[in-house]
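Presented below is the structure to which this report refers.
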Amino acid sequence: MSPTWLDLIGTKIYVPRLKRSLTFCPFGMEAYKRAAQELIPWPDGLLDMKPEWDELPHLGHPLTIKILERVAKQLRQVGNKDGAIRTNGFYRPPGTTWGTGYYADPHGVYDTHDEWGHWRLAIDIAAATTARSFGVLRHHVVEALAANGFSTPFTQAGEYWHYRPNAAQRARWANR
């Protein structure tokens, strides 16, 4: 029988991209379980995923979804067209291997190291495909994401598609 993510907690897993091992789930089992309890289903029509990637649960954190709804509303107004935000990965349960090649994340160990990562708040967005869906330009998508409260914390590492609610959004959510 294959190990479950609970069996992997505390083990070292090699991450090729980093050329080193990371400890799986460094925040402890309860943090990941609590995060999973906050998840809600994607609203119909808000998000779209390539069929070959569409193996993840269609769940996400309410804060991220709320911001995505504002982004979609703004893009509809700019493009005067209904569309969907293309995601390459939203909620990823701990233990989920994702990505290929350089960005491969065996067992999701890299994801579990980001306090605001895919197990909690992060979403990968394909801006060009999203732009086509709404009939706008790519820069409109990137601007709408930023204007509505998303940050791109890993742009320097080449992950321009990785978004999460910015610090101000997270603080407002925590203080609601």
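So you can find residues: chains in the structure tokens are A, B, ... in the order shown, residues in each start at 1, and ligands are numbered from 1 in order.
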Excluding Asn148 (chain A) and residues on its chain fewer than 2 positions from it, collect all residues at most 9 Å away from it, counting only C-alpha atoms, and give them as JSON, numbers by chain.
{"A": [67, 68, 70, 71, 143, 144, 145, 146, 150, 165]}
Give me the residues near Asn88 (chain A) as a ChimeraX atom specification, where near means some atom within 12 Å (using only C-alpha atoms) and where sequence neighbours in that chain fewer than 6 positions away do not count.
/A:47-56,58,98-99,118,122-127,129-130,159,161-163
Go ahead and save the picked residues with N, CA and C atoms, as an mmCIF file, in the first residue's frame.
data_model
loop_
_atom_site.group_PDB
_atom_site.id
_atom_site.type_symbol
_atom_site.label_atom_id
_atom_site.label_comp_id
_atom_site.auth_asym_id
_atom_site.auth_seq_id
_atom_site.Cartn_x
_atom_site.Cartn_y
_atom_site.Cartn_z
ATOM 1 N N LEU A 47 -13.801 29.352 -12.710
ATOM 2 C CA LEU A 47 -12.499 28.809 -13.069
ATOM 3 C C LEU A 47 -12.625 27.731 -14.134
ATOM 4 N N ASP A 48 -11.534 27.567 -14.866
ATOM 5 C CA ASP A 48 -11.446 26.571 -15.920
ATOM 6 C C ASP A 48 -10.058 25.948 -15.823
ATOM 7 N N MET A 49 -9.987 24.669 -16.122
ATOM 8 C CA MET A 49 -8.702 23.983 -16.064
ATOM 9 C C MET A 49 -8.571 23.091 -17.287
ATOM 10 N N LYS A 50 -7.362 23.019 -17.828
ATOM 11 C CA LYS A 50 -7.115 22.103 -18.942
ATOM 12 C C LYS A 50 -7.523 20.700 -18.532
ATOM 13 N N PRO A 51 -8.198 19.962 -19.408
ATOM 14 C CA PRO A 51 -8.646 18.613 -19.020
ATOM 15 C C PRO A 51 -7.528 17.713 -18.499
ATOM 16 N N GLU A 52 -6.344 17.796 -19.079
ATOM 17 C CA GLU A 52 -5.259 16.921 -18.618
ATOM 18 C C GLU A 52 -4.725 17.312 -17.236
ATOM 19 N N TRP A 53 -5.075 18.496 -16.742
ATOM 20 C CA TRP A 53 -4.669 18.918 -15.403
ATOM 21 C C TRP A 53 -5.809 18.810 -14.399
ATOM 22 N N ASP A 54 -6.992 18.542 -14.900
ATOM 23 C CA ASP A 54 -8.197 18.644 -14.078
ATOM 24 C C ASP A 54 -8.397 17.433 -13.178
ATOM 25 N N GLU A 55 -7.376 17.118 -12.395
ATOM 26 C CA GLU A 55 -7.468 15.992 -11.481
ATOM 27 C C GLU A 55 -7.520 16.441 -10.032
ATOM 28 N N LEU A 56 -7.345 17.722 -9.791
ATOM 29 C CA LEU A 56 -7.365 18.255 -8.442
ATOM 30 C C LEU A 56 -8.805 18.510 -7.992
ATOM 31 N N HIS A 58 -11.970 20.522 -6.926
ATOM 32 C CA HIS A 58 -12.424 21.858 -7.304
ATOM 33 C C HIS A 58 -12.824 22.617 -6.046
ATOM 34 N N TRP A 98 2.827 17.298 -8.221
ATOM 35 C CA TRP A 98 2.322 18.221 -9.236
ATOM 36 C C TRP A 98 3.490 18.793 -10.011
ATOM 37 N N GLY A 99 3.253 19.106 -11.254
ATOM 38 C CA GLY A 99 4.276 19.724 -12.087
ATOM 39 C C GLY A 99 5.169 18.684 -12.746
ATOM 40 N N HIS A 118 -0.384 26.303 -2.012
ATOM 41 C CA HIS A 118 -1.542 25.661 -2.649
ATOM 42 C C HIS A 118 -2.379 24.841 -1.682
ATOM 43 N N ALA A 122 -2.855 29.726 -2.327
ATOM 44 C CA ALA A 122 -2.257 30.026 -3.639
ATOM 45 C C ALA A 122 -3.040 29.420 -4.796
ATOM 46 N N ILE A 123 -2.889 30.074 -5.943
ATOM 47 C CA ILE A 123 -3.474 29.590 -7.198
ATOM 48 C C ILE A 123 -2.520 29.951 -8.329
ATOM 49 N N ASP A 124 -2.377 29.043 -9.278
ATOM 50 C CA ASP A 124 -1.601 29.313 -10.495
ATOM 51 C C ASP A 124 -2.591 29.744 -11.564
ATOM 52 N N ILE A 125 -2.294 30.845 -12.245
ATOM 53 C CA ILE A 125 -3.214 31.390 -13.247
ATOM 54 C C ILE A 125 -2.495 31.565 -14.577
ATOM 55 N N ALA A 126 -3.113 31.057 -15.622
ATOM 56 C CA ALA A 126 -2.621 31.232 -16.984
ATOM 57 C C ALA A 126 -3.230 32.530 -17.520
ATOM 58 N N ALA A 127 -2.478 33.612 -17.435
ATOM 59 C CA ALA A 127 -3.006 34.938 -17.774
ATOM 60 C C ALA A 127 -3.391 35.059 -19.249
ATOM 61 N N THR A 129 -4.379 32.702 -21.432
ATOM 62 C CA THR A 129 -5.605 31.940 -21.715
ATOM 63 C C THR A 129 -6.808 32.621 -21.066
ATOM 64 N N THR A 130 -6.607 33.143 -19.869
ATOM 65 C CA THR A 130 -7.676 33.882 -19.194
ATOM 66 C C THR A 130 -8.054 35.108 -20.023
ATOM 67 N N GLU A 159 8.322 31.983 -11.348
ATOM 68 C CA GLU A 159 6.920 31.558 -11.251
ATOM 69 C C GLU A 159 5.992 32.772 -11.332
ATOM 70 N N TRP A 161 3.232 32.922 -12.721
ATOM 71 C CA TRP A 161 1.847 32.456 -12.741
ATOM 72 C C TRP A 161 1.299 32.163 -11.340
ATOM 73 N N HIS A 162 2.159 32.199 -10.322
ATOM 74 C CA HIS A 162 1.786 31.828 -8.959
ATOM 75 C C HIS A 162 1.271 33.062 -8.219
ATOM 76 N N TYR A 163 0.004 33.026 -7.825
ATOM 77 C CA TYR A 163 -0.637 34.149 -7.141
ATOM 78 C C TYR A 163 -1.146 33.708 -5.777
#
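Nearest to Val78 (chain A) of all the residues A:Ser151, A:Ala157, A:Arg138, A:Arg170 is A:Arg138, based on only C-alpha atoms.
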With 10 Å as the cut-off and only C-alpha atoms counted, what is the closest atom pair between each nearby residue of region 109-176 of chain A and region 35-44 of chain A? Distances in Å to one decimal, ordered by chain and number, as a Markdown table.
| residue | atom | partner | partner_atom | distance |
| --- | --- | --- | --- | --- |
| A:Trp119 | CA | A:Ala35 | CA | 7.2 |
| A:Arg120 | CA | A:Ala35 | CA | 5.8 |
| A:Leu121 | CA | A:Ala35 | CA | 9.0 |
Restricted to N, CA and C atoms, what would the selected residues look like written as a compact mmCIF listing (two decimals), in the first residue's frame?
# COMPACT_ATOMS: atom_id res chain seq x y z
N TRP A 119 -1.84 24.45 -0.56
CA TRP A 119 -2.62 23.73 0.43
C TRP A 119 -3.51 24.68 1.23
N ARG A 120 -3.33 25.99 0.94
CA ARG A 120 -4.06 26.99 1.72
C ARG A 120 -4.68 28.09 0.86
N LEU A 121 -3.86 28.95 0.21
CA LEU A 121 -4.38 30.13 -0.47
C LEU A 121 -3.97 30.30 -1.92
Which of region 33-157 of chain A end up as strand (DSSP E or B) when DSSP is run on this backbone - answer as JSON, numbers by chain?
{"A": [40, 41, 47, 48, 59, 60, 85, 86, 87, 88, 89, 98, 105, 123, 124, 125, 150, 151]}
What are the closest atom pairs, with distances in Å to one decimal, for each residue of region 60-100 of chain A lying within 6 Å of region 106-110 of chain A, using only C-alpha atoms, rows by chain and rising residue number, as a tab-separated table?
residue	atom	partner	partner_atom	distance
A:Pro94	CA	A:Gly108	CA	6.0
A:Gly95	CA	A:His107	CA	4.2
A:Thr96	CA	A:His107	CA	4.9
A:Thr97	CA	A:His107	CA	4.2
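Using only C-alpha atoms for every distance, the candidate list A:Phe24, A:Asp111, A:Ala128, A:Tyr91 yields A:Phe24 as the residue closest to Thr4 (chain A).
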Atom pair CA of Arg17 (chain A) + CA of Phe90 (chain A), distance 20.4 Å
Which of region 2-164 of chain A end up as helix (DSSP H, G or I) when DSSP is run on this backbone - answer as a JSON list (two decimals) with C-alpha atoms, in the first residue's frame?
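So the final result, stored in states13.json, reads:
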[["chain", "number", "residue", "atom", "x", "y", "z"],
["A", 5, "TRP", "CA", 0.37, 12.15, 3.16],
["A", 6, "LEU", "CA", 0.02, 11.56, 6.91],
["A", 7, "ASP", "CA", 2.64, 8.81, 6.68],
["A", 8, "LEU", "CA", 5.03, 11.23, 4.96],
["A", 29, "MET", "CA", -0.55, 17.87, 10.57],
["A", 30, "GLU", "CA", -3.13, 20.03, 12.36],
["A", 31, "ALA", "CA", -2.31, 23.14, 10.30],
["A", 32, "TYR", "CA", -3.00, 21.28, 7.05],
["A", 33, "LYS", "CA", -6.18, 19.68, 8.39],
["A", 34, "ARG", "CA", -7.51, 23.06, 9.60],
["A", 35, "ALA", "CA", -6.76, 24.61, 6.21],
["A", 36, "ALA", "CA", -8.70, 21.84, 4.46],
["A", 37, "GLN", "CA", -11.73, 22.51, 6.65],
["A", 51, "PRO", "CA", -8.65, 18.61, -19.02],
["A", 52, "GLU", "CA", -5.26, 16.92, -18.62],
["A", 53, "TRP", "CA", -4.67, 18.92, -15.40],
["A", 62, "PRO", "CA", -12.91, 31.56, 0.45],
["A", 63, "LEU", "CA", -10.54, 34.57, 0.43],
["A", 64, "THR", "CA", -8.87, 33.51, -2.80],
["A", 65, "ILE", "CA", -12.24, 32.76, -4.40],
["A", 66, "LYS", "CA", -13.66, 36.12, -3.29],
["A", 67, "ILE", "CA", -10.75, 37.95, -4.94],
["A", 68, "LEU", "CA", -11.08, 35.82, -8.09],
["A", 69, "GLU", "CA", -14.76, 36.76, -8.32],
["A", 70, "ARG", "CA", -13.82, 40.46, -8.21],
["A", 71, "VAL", "CA", -11.16, 39.89, -10.89],
["A", 72, "ALA", "CA", -13.67, 38.09, -13.14],
["A", 73, "LYS", "CA", -16.20, 40.90, -12.69],
["A", 74, "GLN", "CA", -13.59, 43.50, -13.67],
["A", 75, "LEU", "CA", -12.47, 41.48, -16.72],
["A", 76, "ARG", "CA", -16.11, 41.06, -17.85],
["A", 77, "GLN", "CA", -16.49, 44.84, -17.73],
["A", 78, "VAL", "CA", -13.27, 45.48, -19.66],
["A", 79, "GLY", "CA", -13.89, 42.82, -22.30],
["A", 101, "GLY", "CA", 10.44, 18.83, -15.33],
["A", 102, "TYR", "CA", 12.09, 21.68, -13.50],
["A", 103, "TYR", "CA", 8.86, 22.53, -11.62],
["A", 106, "PRO", "CA", 7.19, 15.18, -5.65],
["A", 107, "HIS", "CA", 4.48, 14.57, -3.02],
["A", 108, "GLY", "CA", 3.89, 18.33, -2.90],
["A", 109, "VAL", "CA", 6.73, 18.81, -0.43],
["A", 110, "TYR", "CA", 7.64, 22.21, -1.93],
["A", 111, "ASP", "CA", 3.98, 23.32, -1.75],
["A", 112, "THR", "CA", 3.80, 22.38, 1.94],
["A", 127, "ALA", "CA", -3.01, 34.94, -17.77],
["A", 128, "ALA", "CA", -2.90, 34.63, -21.59],
["A", 129, "THR", "CA", -5.61, 31.94, -21.72],
["A", 130, "THR", "CA", -7.68, 33.88, -19.19],
["A", 131, "ALA", "CA", -7.33, 37.00, -21.36],
["A", 132, "ARG", "CA", -8.59, 35.16, -24.44],
["A", 133, "SER", "CA", -11.53, 33.82, -22.47],
["A", 134, "PHE", "CA", -12.66, 37.34, -21.45],
["A", 138, "ARG", "CA", -2.96, 39.70, -21.02],
["A", 139, "HIS", "CA", -1.89, 42.88, -19.24],
["A", 140, "HIS", "CA", -5.54, 43.51, -18.30],
["A", 141, "VAL", "CA", -5.57, 40.17, -16.46],
["A", 142, "VAL", "CA", -2.29, 40.83, -14.66],
["A", 143, "GLU", "CA", -3.45, 44.34, -13.69],
["A", 144, "ALA", "CA", -6.84, 43.08, -12.46],
["A", 145, "LEU", "CA", -5.19, 40.40, -10.35],
["A", 146, "ALA", "CA", -2.90, 42.98, -8.69],
["A", 147, "ALA", "CA", -5.60, 45.64, -8.32],
["A", 155, "THR", "CA", 8.32, 36.03, -9.78],
["A", 156, "GLN", "CA", 12.08, 36.24, -9.14],
["A", 157, "ALA", "CA", 12.17, 32.42, -9.13]]
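Of the residues listed (A:Gly45, A:Gly60, A:Pro16, A:Pro153), A:Pro16 shows the shortest atom-to-atom separation from Thr100 (chain A); distances use only C-alpha atoms.
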